[in-house]
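> This is work37.cif, which holds mmCIF, C-alpha atoms:
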```
data_input
loop_
_atom_site.group_PDB
_atom_site.id
_atom_site.type_symbol
_atom_site.label_atom_id
_atom_site.label_comp_id
_atom_site.auth_asym_id
_atom_site.auth_seq_id
_atom_site.Cartn_x
_atom_site.Cartn_y
_atom_site.Cartn_z
ATOM 1 C CA MET A 1 -162.369 -7.587 -80.115
ATOM 2 C CA SER A 2 -159.037 -9.195 -79.233
ATOM 3 C CA TYR A 3 -158.576 -11.222 -76.058
ATOM 4 C CA THR A 4 -155.117 -12.024 -74.710
ATOM 5 C CA ILE A 5 -154.266 -13.471 -71.296
ATOM 6 C CA THR A 6 -150.742 -13.689 -69.964
ATOM 7 C CA ARG A 7 -149.343 -15.379 -66.883
ATOM 8 C CA ARG A 8 -147.774 -12.071 -65.947
ATOM 9 C CA SER A 9 -151.164 -10.342 -65.703
ATOM 10 C CA VAL A 10 -152.677 -12.831 -63.233
ATOM 11 C CA PRO A 11 -149.748 -14.913 -61.906
ATOM 12 C CA HIS A 12 -151.121 -16.214 -58.609
ATOM 13 C CA ILE A 13 -154.487 -17.171 -60.103
ATOM 14 C CA TRP A 14 -153.453 -18.519 -63.481
ATOM 15 C CA ALA A 15 -151.335 -21.387 -62.160
ATOM 16 C CA PHE A 16 -152.580 -23.343 -59.146
ATOM 17 C CA LYS A 17 -150.714 -26.350 -57.812
ATOM 18 C CA ARG A 18 -151.652 -29.929 -58.553
ATOM 19 C CA SER A 19 -151.935 -30.437 -54.794
ATOM 20 C CA ASP A 20 -154.539 -27.674 -54.493
ATOM 21 C CA PRO A 21 -157.395 -29.337 -52.525
ATOM 22 C CA ASP A 22 -160.122 -27.506 -54.447
ATOM 23 C CA TRP A 23 -158.580 -28.537 -57.750
ATOM 24 C CA LEU A 24 -158.349 -32.168 -56.652
ATOM 25 C CA LEU A 25 -162.044 -32.184 -55.718
ATOM 26 C CA ALA A 26 -163.063 -30.281 -58.829
ATOM 27 C CA GLN A 27 -161.084 -32.599 -61.086
ATOM 28 C CA LYS A 28 -162.702 -35.686 -59.539
ATOM 29 C CA SER A 29 -166.099 -34.110 -60.248
ATOM 30 C CA GLY A 30 -165.317 -33.610 -63.919
ATOM 31 C CA TRP A 31 -164.345 -29.936 -63.800
ATOM 32 C CA THR A 32 -161.579 -28.633 -66.040
ATOM 33 C CA ARG A 33 -158.782 -26.282 -65.011
ATOM 34 C CA ALA A 34 -160.617 -23.574 -66.971
ATOM 35 C CA ASP A 35 -163.735 -24.022 -64.814
ATOM 36 C CA LEU A 36 -161.892 -23.401 -61.556
ATOM 37 C CA MET A 37 -159.605 -20.765 -63.047
ATOM 38 C CA TRP A 38 -162.586 -18.760 -64.315
ATOM 39 C CA GLU A 39 -164.243 -18.866 -60.900
ATOM 40 C CA ARG A 40 -161.061 -17.686 -59.174
ATOM 41 C CA LEU A 41 -160.470 -14.893 -61.674
ATOM 42 C CA MET A 42 -164.021 -13.634 -61.144
ATOM 43 C CA GLU A 43 -163.710 -13.844 -57.355
ATOM 44 C CA ALA A 44 -160.437 -11.907 -57.425
ATOM 45 C CA GLY A 45 -161.952 -9.339 -59.777
ATOM 46 C CA ASN A 46 -164.865 -8.787 -57.437
ATOM 47 C CA GLU A 47 -162.539 -8.436 -54.453
ATOM 48 C CA ALA A 48 -160.541 -5.824 -56.352
ATOM 49 C CA TYR A 49 -163.740 -3.989 -57.301
ATOM 50 C CA CYS A 50 -164.897 -3.944 -53.669
ATOM 51 C CA ALA A 51 -161.522 -2.475 -52.700
ATOM 52 C CA GLY A 52 -161.864 0.262 -55.305
ATOM 53 C CA ARG A 53 -158.990 -1.122 -57.400
ATOM 54 C CA MET A 54 -160.703 -0.634 -60.743
ATOM 55 C CA ALA A 55 -157.679 -1.181 -62.979
ATOM 56 C CA ARG A 56 -156.974 -4.561 -61.378
ATOM 57 C CA ALA A 57 -160.662 -5.515 -61.456
ATOM 58 C CA ALA A 58 -160.799 -4.647 -65.158
ATOM 59 C CA ARG A 59 -157.755 -6.832 -65.918
ATOM 60 C CA LEU A 60 -159.109 -9.802 -63.986
ATOM 61 C CA PHE A 61 -162.597 -9.575 -65.483
ATOM 62 C CA PHE A 62 -161.027 -9.240 -68.941
ATOM 63 C CA ALA A 63 -158.963 -12.384 -68.350
ATOM 64 C CA ALA A 64 -162.059 -14.288 -67.181
ATOM 65 C CA ASP A 65 -163.978 -13.054 -70.215
ATOM 66 C CA ALA A 66 -161.233 -14.226 -72.580
ATOM 67 C CA LEU A 67 -161.059 -17.589 -70.845
ATOM 68 C CA ALA A 68 -164.821 -18.103 -71.062
ATOM 69 C CA ARG A 69 -164.917 -17.219 -74.747
ATOM 70 C CA GLY A 70 -162.029 -19.520 -75.499
ATOM 71 C CA ARG A 71 -163.035 -22.533 -73.389
ATOM 72 C CA PHE A 72 -166.798 -22.478 -72.707
ATOM 73 C CA SER A 73 -169.591 -23.256 -75.153
ATOM 74 C CA ARG A 74 -171.991 -20.590 -76.396
ATOM 75 C CA ALA A 75 -174.699 -22.193 -74.259
ATOM 76 C CA ASP A 76 -172.649 -21.647 -71.078
ATOM 77 C CA LEU A 77 -174.192 -18.966 -68.877
ATOM 78 C CA ARG A 78 -170.762 -17.972 -67.525
ATOM 79 C CA ARG A 79 -169.978 -16.317 -70.860
ATOM 80 C CA ALA A 80 -172.405 -13.528 -69.895
ATOM 81 C CA THR A 81 -170.970 -12.863 -66.431
ATOM 82 C CA ALA A 82 -167.626 -11.223 -67.156
ATOM 83 C CA PRO A 83 -169.087 -8.760 -69.705
ATOM 84 C CA ALA A 84 -171.588 -7.661 -67.034
ATOM 85 C CA ALA A 85 -168.796 -7.233 -64.489
ATOM 86 C CA ARG A 86 -166.615 -5.385 -66.995
ATOM 87 C CA ALA A 87 -169.533 -3.103 -67.804
ATOM 88 C CA MET A 88 -169.912 -2.245 -64.125
ATOM 89 C CA VAL A 89 -166.237 -1.309 -63.926
ATOM 90 C CA ARG A 90 -166.587 1.001 -66.919
ATOM 91 C CA LEU A 91 -169.790 2.561 -65.581
ATOM 92 C CA THR A 92 -168.076 3.176 -62.233
ATOM 93 C CA GLN A 93 -165.262 4.903 -64.130
ATOM 94 C CA GLY A 94 -167.779 7.054 -66.025
ATOM 95 C CA LYS A 95 -167.065 5.309 -69.333
ATOM 96 C CA ASP A 96 -169.363 3.955 -72.016
ATOM 97 C CA ALA A 97 -170.271 0.303 -71.491
ATOM 98 C CA SER A 98 -173.015 -0.185 -74.066
ATOM 99 C CA ALA A 99 -171.192 -2.902 -76.056
ATOM 100 C CA LEU A 100 -170.470 -4.957 -72.924
ATOM 101 C CA ILE A 101 -174.030 -4.514 -71.663
ATOM 102 C CA ALA A 102 -175.333 -5.810 -74.999
ATOM 103 C CA LEU A 103 -173.044 -8.865 -74.758
ATOM 104 C CA ALA A 104 -174.179 -9.588 -71.211
ATOM 105 C CA HIS A 105 -177.841 -9.167 -72.083
ATOM 106 C CA LYS A 106 -177.542 -11.459 -75.099
ATOM 107 C CA GLY A 107 -175.628 -14.056 -73.122
ATOM 108 C CA TRP A 108 -178.136 -14.081 -70.314
ATOM 109 C CA GLN A 109 -180.871 -15.303 -72.635
ATOM 110 C CA VAL A 110 -179.574 -18.875 -72.185
ATOM 111 C CA ALA A 111 -180.328 -18.759 -68.428
ATOM 112 C CA PRO A 112 -183.534 -20.878 -68.486
ATOM 113 C CA ALA A 113 -181.847 -23.649 -70.482
ATOM 114 C CA ALA A 114 -178.713 -23.501 -68.307
ATOM 115 C CA VAL A 115 -180.768 -23.961 -65.136
ATOM 116 C CA ALA A 116 -182.881 -26.730 -66.651
ATOM 117 C CA ASP A 117 -179.852 -28.683 -67.895
ATOM 118 C CA MET A 118 -177.447 -28.195 -64.975
ATOM 119 C CA GLU A 119 -175.971 -31.249 -63.287
ATOM 120 C CA ILE A 120 -176.958 -31.625 -59.623
ATOM 121 C CA ARG A 121 -174.693 -33.804 -57.498
ATOM 122 C CA PRO A 122 -175.665 -35.101 -54.035
ATOM 123 C CA ARG A 123 -174.734 -32.788 -51.167
ATOM 124 C CA ILE A 124 -172.639 -33.805 -48.174
ATOM 125 C CA ARG A 125 -175.043 -34.215 -45.275
ATOM 126 C CA SER A 126 -174.289 -34.039 -41.572
ATOM 127 C CA SER A 127 -176.293 -37.152 -40.767
ATOM 128 C CA LEU A 128 -177.312 -40.451 -42.304
ATOM 129 C CA PHE A 129 -180.942 -39.419 -41.840
ATOM 130 C CA HIS A 130 -180.587 -36.342 -44.055
ATOM 131 C CA LEU A 131 -178.583 -38.324 -46.604
ATOM 132 C CA ARG A 132 -181.343 -40.938 -46.854
ATOM 133 C CA LEU A 133 -184.010 -38.230 -46.966
ATOM 134 C CA GLU A 134 -182.319 -36.555 -49.922
ATOM 135 C CA ALA A 135 -181.891 -39.881 -51.719
ATOM 136 C CA LYS A 136 -185.555 -40.784 -51.179
ATOM 137 C CA HIS A 137 -186.880 -37.456 -52.441
ATOM 138 C CA ARG A 138 -184.146 -36.646 -54.963
ATOM 139 C CA GLY A 139 -186.546 -35.653 -57.717
ATOM 140 C CA GLN A 140 -188.371 -33.140 -55.529
ATOM 141 C CA TYR A 141 -185.090 -31.869 -54.112
ATOM 142 C CA GLN A 142 -183.696 -31.242 -57.589
ATOM 143 C CA ASP A 143 -186.885 -29.517 -58.724
ATOM 144 C CA ASN A 144 -186.766 -27.203 -55.708
ATOM 145 C CA LEU A 145 -183.098 -26.419 -56.311
ATOM 146 C CA ARG A 146 -183.716 -25.629 -59.974
ATOM 147 C CA LEU A 147 -186.600 -23.360 -58.981
ATOM 148 C CA ARG A 148 -184.436 -21.513 -56.466
ATOM 149 C CA LEU A 149 -181.478 -21.070 -58.805
ATOM 150 C CA GLY A 150 -183.857 -20.043 -61.557
ATOM 151 C CA ARG A 151 -185.097 -17.213 -59.370
ATOM 152 C CA ILE A 152 -181.538 -16.102 -58.625
ATOM 153 C CA ALA A 153 -180.738 -16.184 -62.346
ATOM 154 C CA ASP A 154 -183.851 -14.082 -63.010
ATOM 155 C CA GLU A 155 -182.642 -11.494 -60.497
ATOM 156 C CA THR A 156 -179.288 -11.309 -62.251
ATOM 157 C CA GLY A 157 -181.115 -10.907 -65.540
ATOM 158 C CA GLU A 158 -182.927 -7.924 -64.048
ATOM 159 C CA THR A 159 -179.612 -6.419 -62.937
ATOM 160 C CA VAL A 160 -178.139 -6.880 -66.417
ATOM 161 C CA ALA A 161 -181.212 -5.334 -68.028
ATOM 162 C CA GLN A 162 -180.885 -2.255 -65.807
ATOM 163 C CA LEU A 163 -177.131 -1.725 -66.179
ATOM 164 C CA GLY A 164 -177.484 1.167 -68.590
ATOM 165 C CA SER A 165 -180.058 3.047 -66.517
ATOM 166 C CA GLY A 166 -178.566 3.483 -63.074
ATOM 167 C CA TYR A 167 -178.893 -0.240 -62.345
ATOM 168 C CA ALA A 168 -180.926 -0.529 -59.178
ATOM 169 C CA GLN A 169 -179.865 -4.091 -58.586
ATOM 170 C CA HIS A 170 -179.923 -7.198 -56.447
ATOM 171 C CA ARG A 171 -177.121 -8.492 -54.211
ATOM 172 C CA HIS A 172 -174.647 -10.631 -56.077
ATOM 173 C CA PHE A 173 -171.035 -11.006 -54.933
ATOM 174 C CA SER A 174 -171.897 -10.514 -51.261
ATOM 175 C CA ARG A 175 -174.448 -13.294 -51.669
ATOM 176 C CA TRP A 176 -171.894 -15.568 -53.354
ATOM 177 C CA ARG A 177 -169.695 -15.288 -50.281
ATOM 178 C CA GLY A 178 -172.450 -16.859 -48.211
ATOM 179 C CA GLU A 179 -173.903 -19.300 -50.728
ATOM 180 C CA LYS A 180 -170.829 -20.636 -52.556
ATOM 181 C CA PRO A 181 -171.466 -24.389 -52.912
ATOM 182 C CA THR A 182 -168.977 -26.923 -51.608
ATOM 183 C CA VAL A 183 -169.921 -29.341 -54.391
ATOM 184 C CA PHE A 184 -168.333 -28.982 -57.828
ATOM 185 C CA ASP A 185 -171.283 -29.521 -60.134
ATOM 186 C CA GLY A 186 -173.574 -27.643 -62.488
ATOM 187 C CA THR A 187 -175.304 -25.751 -59.688
ATOM 188 C CA ARG A 188 -171.992 -24.182 -58.708
ATOM 189 C CA LYS A 189 -171.386 -23.057 -62.293
ATOM 190 C CA VAL A 190 -174.854 -21.529 -62.601
ATOM 191 C CA LEU A 191 -174.678 -19.846 -59.197
ATOM 192 C CA ALA A 192 -171.220 -18.472 -60.022
ATOM 193 C CA ALA A 193 -172.556 -17.107 -63.306
ATOM 194 C CA ALA A 194 -175.384 -15.373 -61.465
ATOM 195 C CA LEU A 195 -173.496 -14.036 -58.446
ATOM 196 C CA LEU A 196 -169.900 -13.306 -59.453
ATOM 197 C CA ILE A 197 -170.597 -9.708 -60.434
ATOM 198 C CA PRO A 198 -170.217 -6.650 -58.180
ATOM 199 C CA ASP A 199 -173.100 -5.536 -56.011
ATOM 200 C CA ALA A 200 -172.767 -1.796 -56.444
ATOM 201 C CA ALA A 201 -170.265 0.967 -57.043
ATOM 202 C CA PRO A 202 -167.850 1.309 -54.089
ATOM 203 C CA ARG A 203 -168.222 4.481 -52.041
#
```
Translate the structure of the given file into structure tokens.

Amino acid sequence: MSYTITRRSVPHIWAFKRSDPDWLLAQKSGWTRADLMWERLMEAGNEAYCAGRMARAARLFFAADALARGRFSRADLRRATAPAARAMVRLTQGKDASALIALAHKGWQVAPAAVADMEIRPRIRSSLFHLRLEAKHRGQYQDNLRLRLGRIADETGETVAQLGSGYAQHRHFSRWRGEKPTVFDGTRKVLAAALLIPDAAPR
């Protein structure tokens, strides 16, 4: 399968300014341009899907898929997300999606390791008390966060497993809108991998 991305296909997402506040924060946290670009491509693809713009959603998900395969390691859970989203576009269009479903299912097998190994950065707290509380119980806090994200990843795994059979599924993109982290760390990458796929076929 050949993957080609052009600036013309995704112009306002492909190139973000150096002064972009999200990019400045992401860069300071060790993120690459590919990390933020992938997230934005997937968000835009989901927005297009929700609006019923399947051709645009397909292009954006394809671009994100190509980016992930070119820039992310095989152990990166995000490599499974775009194939799942692309499969949902094809299923909505009444087309065969078996090859994409197989890619997504295979990619999702790294979920336990991705959750176990993800980097967890301290959160911004509204008070010194909560900041000290998190610092004091950091180990327990991280364990709880890994448990929670592991459950979300399991739900996405269930959605992927059911894609070829009518896919009664969990909430994903609508949940991302409410749970998108403000911190650029491993938890944001894992949560994006789990939630940046469409919820259901638009009516």
> Work out how far CA of Ala153 (chain A) is from CA of Ala114 (chain A), in Å to one decimal.
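Computed distance, CA of Ala114 (chain A) to CA of Ala153 (chain A), equals 9.7 Å.
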> For the file shown, what are the residues hit by the PyMOL selection byres ((chain A and resi 61-66) around 10), laid out as a ChimeraX atom specification?
/A:2-6,9-10,14,34,37-46,49,56-60,67-72,78-87,89,197
> For Gln142 (chain A), which residue out of A:Asp96, A:Glu158, A:Glu47, A:Glu119 is the nearest one, using all atoms listed in the file?
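Looking only at the distances to Gln142 (chain A), the closest residue turns out to be A:Glu119.
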> So how many Å separate CA of Arg171 (chain A) and CA of Leu196 (chain A), to one decimal?
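Calculated distance between CA of Arg171 (chain A) and CA of Leu196 (chain A) is 10.1 Å.
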> Quick one: which residues end up in the PyMOL selection byres ((chain A and resi 175-187) around 6) for this structure, as a PyMOL selection string?
chain A and resi 26+118-120+172-174+188-191+195
> Edge lengths and centre, in Å to one decimal, as lines of an AutoDock Vina configuration file: that's what I need for the box along x, y and z that holds all listed atoms of region 36-54 of chain A plus 8 Å on each side.

```
center_x = -161.9
center_y = -11.6
center_z = -58.5
size_x = 21.9
size_y = 39.7
size_z = 27.6
```
> Please, what distance in Å, to one decimal, runs between CA of Ala200 (chain A) and CA of Asp35 (chain A)?
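So the answer is 25.4 Å.
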> Name the residues captured by the PyMOL selection byres ((chain A and resi 150) around 10) when it is applied to the shown file; answer as an NGL selection string.
:A and (111-116 or 144-149 or 151-156 or 190-191 or 194)
> Grab the residues selected above and save them as a PDB file, in the coordinates of the input with C-alpha atoms.

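And here is the file that came out, part.pdb:
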```pdb
ATOM      1  CA  ALA A 111    -180.328 -18.759 -68.428  1.00  0.00           C
ATOM      2  CA  PRO A 112    -183.534 -20.878 -68.486  1.00  0.00           C
ATOM      3  CA  ALA A 113    -181.847 -23.649 -70.482  1.00  0.00           C
ATOM      4  CA  ALA A 114    -178.713 -23.501 -68.307  1.00  0.00           C
ATOM      5  CA  VAL A 115    -180.768 -23.961 -65.136  1.00  0.00           C
ATOM      6  CA  ALA A 116    -182.881 -26.730 -66.651  1.00  0.00           C
ATOM      7  CA  ASN A 144    -186.766 -27.203 -55.708  1.00  0.00           C
ATOM      8  CA  LEU A 145    -183.098 -26.419 -56.311  1.00  0.00           C
ATOM      9  CA  ARG A 146    -183.716 -25.629 -59.974  1.00  0.00           C
ATOM     10  CA  LEU A 147    -186.600 -23.360 -58.981  1.00  0.00           C
ATOM     11  CA  ARG A 148    -184.436 -21.513 -56.466  1.00  0.00           C
ATOM     12  CA  LEU A 149    -181.478 -21.070 -58.805  1.00  0.00           C
ATOM     13  CA  ARG A 151    -185.097 -17.213 -59.370  1.00  0.00           C
ATOM     14  CA  ILE A 152    -181.538 -16.102 -58.625  1.00  0.00           C
ATOM     15  CA  ALA A 153    -180.738 -16.184 -62.346  1.00  0.00           C
ATOM     16  CA  ASP A 154    -183.851 -14.082 -63.010  1.00  0.00           C
ATOM     17  CA  GLU A 155    -182.642 -11.494 -60.497  1.00  0.00           C
ATOM     18  CA  THR A 156    -179.288 -11.309 -62.251  1.00  0.00           C
ATOM     19  CA  VAL A 190    -174.854 -21.529 -62.601  1.00  0.00           C
ATOM     20  CA  LEU A 191    -174.678 -19.846 -59.197  1.00  0.00           C
ATOM     21  CA  ALA A 194    -175.384 -15.373 -61.465  1.00  0.00           C
TER      22      ALA A 194
END
```
> Which residue is closest to His105 (chain A)? Choose from A:Leu163, A:Ala192, A:Leu24, A:Ala51 and count only C-alpha atoms.
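For His105 (chain A), the nearest of the candidates is A:Leu163.
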> Residues proximal to (-170.6, -2.2, -59.8) were defined as those with any atom within 6 Å of that point in the file's coordinates, counting only C-alpha atoms. Which are they, as a ChimeraX atom specification?
/A:88,198-201
> Let me make sure I understand: among A:Thr92, A:Arg121, A:Leu36, A:Arg74, which one has the smallest atom-to-atom distance to Ala55 (chain A) if we use all atoms listed in the file?
A:Thr92
